[in-house]
Amino acid sequence: MRDLDGLDLPTYDDVEAAHERIKPHINRTPVLKSQYLNELTGADLYFKCENFQEAGAFKVRGACNAVFGLTDEQAKKGVATHSSGNHGLSLSYAAGRRGIPCTVVMPHTAPQAKKDQVRHYGGRIVECEPSTSSREAVFAGVLEDTGAEFVHPYNDPRVIAGQGTCSKELVEDIKDLDIVIAPIGGGGMISGTCLTLSTIAPEIKIYAAEPEQADDAYRSFKAGHIIADDAPVTIADGLKVPLKERTWHFVSNHVTDILTCSEEEIIDAMKLTWKRLKIVMEPSCAPPLATILKNKDVFAGKRVGVIVTGGNVDLDKLPWMKS
């Protein structure tokens with residue numbers, strides 16, 4: 001860790017340590033290709049499939065790093081967090097493997113599939129309203145009641161270091177990438193990507209992809225300071241949260257650009273991935289492909305790593321189904 005402007009930031013040494021720590025608890029996920037998608041976009045796309053994690057999302061990396069990095073004394077009262085789903089279920093998974101309790105504050109509108117997984121892994125859910133202010137207020141009460149160790153979904157150096165292991169694997173498996181692109185919400189995955197690539201592959205450009213209806217990271221990037229929306233409305237439920245100080249540090253210093261896409265474009269990319277890659281993709285991880293399709297001139301002729309962040313969906317409530 002290093003202290004920069006009062007921030008406790010992870011270093012690449014922390015990423016390497018995290019990778020060793022979490023190896024027994026995660027999958028080294030595959031990288032898939034599609035000739036059809038390459039021809040459609042004009043780019044050479046490599047999809048790093050984090051939806052193949054046991055918990056169905058990349059967030060298991062940061063969660064396991066945080067949980068298995070705790071001392072026995074720290075772990076006694078368990079862990080707690082607030083999450084729209086994937087971090088909460090990933091933290092529950094990690095806590096279950098260590099045999100400690102986990103409490104997750106979740107918006108009552110969170111996908112049922114994600115709630116079910118939290119409970120499956122032994123986590124306890126406390127519901128809140130679907131806004132950042134509500135989840136943080138309810139969580140403060142949970143923390144006071146339980147005394148648990150707080151593992152923030154993304155503004156936590158242990159979590160960022162864990163997420164950095166994903167791009168570490170990607171560049172070890174696929175050589176000579178020109179670009180890596182991932183979704184952005186709070187910025188944990190993008191921050192880990194920035195940390196890793198700026199250290200071991202600084203020639204690779206980093207792009208972030210975001211829904212137009214939850215574009216606070218895009219507006220922050222253009223304005224040069226954090227702009228936070230309290231309760232944006234988008235089908236990409238995992239991308240509704242704002243950047244925080246640590247993630248803003250990495251985004252503002254290392255991201256080349258943030259690209260946005262519409263709800264319809266997210267659904268189209270999701271369908272296309274299901275059809276052509278034959279994998280389950282949740283709405284929150286569709287923006288990278290959606291923005292590649294929308295901005296072909298940026299990616300044409302490039303070797304592009306695309307981080308598929310998760311595949312936890314309600315199969316009875318897919319976004320193209322009529323309600």
# chains A, B, ... in the order shown; residues from 1 in each chain; ligands from 1
call {"tool": "closest_atom_pairs", "arguments": {"of": "segment 195-276 of chain A", "to": "segment 102-124 of chain A", "cutoff": "12 Å", "atoms": "only C-alpha atoms", "output": "tab-separated table"}}
result
residue	atom	partner	partner_atom	distance
A:Ala231	CA	A:Pro107	CA	10.9
A:Val233	CA	A:Thr109	CA	11.2
A:Thr234	CA	A:Thr109	CA	11.8
A:Ile235	CA	A:Pro111	CA	10.2
A:Ala236	CA	A:Pro111	CA	10.7
A:Asp237	CA	A:Ala110	CA	7.4
A:Gly238	CA	A:Ala110	CA	9.2
A:Lys240	CA	A:Ala110	CA	11.4
A:Val241	CA	A:Pro107	CA	11.9
call {"tool": "select_by_dssp", "arguments": {"residues": "segment 148-308 of chain A", "states": "helix (DSSP H, G or I)", "output": "ChimeraX atom specification"}}
result
/A:157-173,188-200,212-214,216-223,237-239,245-254,263-276,283-285,287-294,296-299
call {"tool": "residues_around", "arguments": {"residues": "Phe47 of chain A", "least_positions_apart": "3", "cutoff": "9 Å", "atoms": "only C-alpha atoms", "output": "ChimeraX atom specification"}}
result
/A:30-34,304-308
call {"tool": "write_last_selection", "arguments": {"atoms": "N, CA and C atoms", "output": "short mmCIF file (atom, residue, chain, number, x, y, z; two decimals), in the first residue's frame"}}
result
data_model
loop_
_atom_site.label_atom_id
_atom_site.label_comp_id
_atom_site.auth_asym_id
_atom_site.auth_seq_id
_atom_site.Cartn_x
_atom_site.Cartn_y
_atom_site.Cartn_z
N PRO A 30 -11.64 -18.35 -18.59
CA PRO A 30 -11.18 -18.47 -19.97
C PRO A 30 -11.34 -17.17 -20.75
N VAL A 31 -10.65 -17.11 -21.88
CA VAL A 31 -10.78 -16.00 -22.84
C VAL A 31 -11.38 -16.57 -24.12
N LEU A 32 -12.52 -16.05 -24.53
CA LEU A 32 -13.22 -16.54 -25.71
C LEU A 32 -13.11 -15.56 -26.87
N LYS A 33 -13.22 -16.12 -28.10
CA LYS A 33 -13.22 -15.30 -29.31
C LYS A 33 -14.42 -15.65 -30.16
N SER A 34 -14.79 -14.75 -31.05
CA SER A 34 -15.88 -14.98 -31.99
C SER A 34 -15.52 -14.35 -33.33
N VAL A 304 -8.34 -6.17 -28.81
CA VAL A 304 -9.08 -5.58 -27.69
C VAL A 304 -9.47 -6.65 -26.67
N GLY A 305 -9.05 -6.46 -25.43
CA GLY A 305 -9.50 -7.30 -24.33
C GLY A 305 -10.79 -6.74 -23.77
N VAL A 306 -11.82 -7.56 -23.72
CA VAL A 306 -13.15 -7.14 -23.24
C VAL A 306 -13.45 -7.94 -21.97
N ILE A 307 -13.57 -7.25 -20.85
CA ILE A 307 -13.83 -7.95 -19.59
C ILE A 307 -15.34 -8.14 -19.42
N VAL A 308 -15.75 -9.41 -19.48
CA VAL A 308 -17.15 -9.79 -19.27
C VAL A 308 -17.32 -9.97 -17.76
#
call {"tool": "closest_residue", "arguments": {"among": "A:Glu282, A:Glu149, A:Asp229, A:Asp173", "to": "Ala66 of chain A", "atoms": "only C-alpha atoms"}}
result
A:Glu149
call {"tool": "atom_distance", "arguments": {"atom1": "atom CA of Ser133 of chain A", "atom2": "atom CA of Val79 of chain A"}}
result
20.7 Å
call {"tool": "closest_residue", "arguments": {"among": "A:Tyr36, A:Val171, A:Val298, A:Ile258", "to": "Pro211 of chain A", "atoms": "only C-alpha atoms"}}
result
A:Ile258
call {"tool": "residues_around", "arguments": {"residues": "Pro288 of chain A", "least_positions_apart": "5", "cutoff": "9 Å", "atoms": "only C-alpha atoms", "output": "compact mmCIF listing (two decimals) with C-alpha atoms, in the first residue's frame"}}
result
# COMPACT_ATOMS: atom_id res chain seq x y z
CA ILE A 181 -12.29 -2.18 -21.99
CA ALA A 182 -14.53 -2.86 -19.00
CA PRO A 183 -17.80 -1.48 -17.59
CA TYR A 207 -11.45 2.39 -21.95
CA ALA A 208 -14.50 2.32 -19.70
CA ALA A 209 -18.10 1.78 -20.81
CA GLU A 210 -21.18 3.15 -19.08
CA LEU A 259 -17.86 5.75 -23.73
CA THR A 260 -21.62 5.52 -23.19
CA CYS A 261 -24.48 3.51 -24.65
CA ILE A 266 -27.11 -2.64 -23.93
CA ALA A 269 -25.16 -6.33 -27.09
CA LEU A 293 -20.29 -1.54 -31.80
CA VAL A 306 -13.15 -7.14 -23.24
CA ILE A 307 -13.83 -7.95 -19.59
CA VAL A 308 -17.15 -9.79 -19.27
call {"tool": "atom_distance", "arguments": {"atom1": "atom CA of Lys175 of chain A", "atom2": "atom CA of Ala201 of chain A"}}
result
10.1 Å
call {"tool": "residues_around", "arguments": {"residues": "Trp248 of chain A", "least_positions_apart": "6", "cutoff": "10 Å", "atoms": "only C-alpha atoms", "output": "list in words"}}
result
Asn155, Gly186, Gly187, Gly188, Ile190, Ser191, Ala217, Ser220, Phe221, Gly224, His225, Ile226, Pro242 and His254 of chain A
call {"tool": "residues_around", "arguments": {"residues": "Arg97 of chain A", "least_positions_apart": "4", "cutoff": "10 Å", "atoms": "only C-alpha atoms", "output": "number ranges by chain"}}
result
A: 25, 64, 67-68, 91-93, 121-122
call {"tool": "write_last_selection", "arguments": {"atoms": "N, CA and C atoms", "output": "PDB file, in the first residue's frame"}}
result
ATOM      1  N   HIS A  25      -9.562 -20.049  -4.275  1.00  0.00           N
ATOM      2  CA  HIS A  25     -10.981 -19.720  -4.107  1.00  0.00           C
ATOM      3  C   HIS A  25     -11.642 -19.175  -5.380  1.00  0.00           C
ATOM      4  N   CYS A  64     -12.683 -12.081  -2.020  1.00  0.00           N
ATOM      5  CA  CYS A  64     -11.816 -13.112  -1.431  1.00  0.00           C
ATOM      6  C   CYS A  64     -10.514 -12.507  -0.909  1.00  0.00           C
ATOM      7  N   VAL A  67     -11.462 -10.847   2.464  1.00  0.00           N
ATOM      8  CA  VAL A  67     -11.842 -11.787   3.525  1.00  0.00           C
ATOM      9  C   VAL A  67     -10.656 -12.635   3.989  1.00  0.00           C
ATOM     10  N   PHE A  68      -9.885 -13.147   3.034  1.00  0.00           N
ATOM     11  CA  PHE A  68      -8.779 -14.026   3.425  1.00  0.00           C
ATOM     12  C   PHE A  68      -7.531 -13.249   3.835  1.00  0.00           C
ATOM     13  N   LEU A  91     -19.032 -11.494  -1.550  1.00  0.00           N
ATOM     14  CA  LEU A  91     -18.548 -11.411  -0.169  1.00  0.00           C
ATOM     15  C   LEU A  91     -19.153 -12.538   0.670  1.00  0.00           C
ATOM     16  N   SER A  92     -20.419 -12.861   0.407  1.00  0.00           N
ATOM     17  CA  SER A  92     -21.056 -13.981   1.108  1.00  0.00           C
ATOM     18  C   SER A  92     -20.348 -15.292   0.776  1.00  0.00           C
ATOM     19  N   TYR A  93     -19.991 -15.454  -0.487  1.00  0.00           N
ATOM     20  CA  TYR A  93     -19.251 -16.647  -0.932  1.00  0.00           C
ATOM     21  C   TYR A  93     -17.913 -16.756  -0.192  1.00  0.00           C
ATOM     22  N   TYR A 121     -25.148 -18.600  -0.251  1.00  0.00           N
ATOM     23  CA  TYR A 121     -23.793 -18.650   0.305  1.00  0.00           C
ATOM     24  C   TYR A 121     -23.752 -18.345   1.804  1.00  0.00           C
ATOM     25  N   GLY A 122     -24.923 -18.136   2.411  1.00  0.00           N
ATOM     26  CA  GLY A 122     -24.978 -17.958   3.859  1.00  0.00           C
ATOM     27  C   GLY A 122     -25.045 -16.513   4.316  1.00  0.00           C
TER      28      GLY A 122
END
call {"tool": "closest_residue", "arguments": {"among": "A:Gly42, A:Gly56, A:Gly192, A:Pro232", "to": "Asp297 of chain A", "atoms": "only C-alpha atoms"}}
result
A:Gly42
call {"tool": "closest_residue", "arguments": {"among": "A:Leu37, A:Met321, A:Ile204, A:Ile267", "to": "Ile179 of chain A", "atoms": "only C-alpha atoms"}}
result
A:Ile204
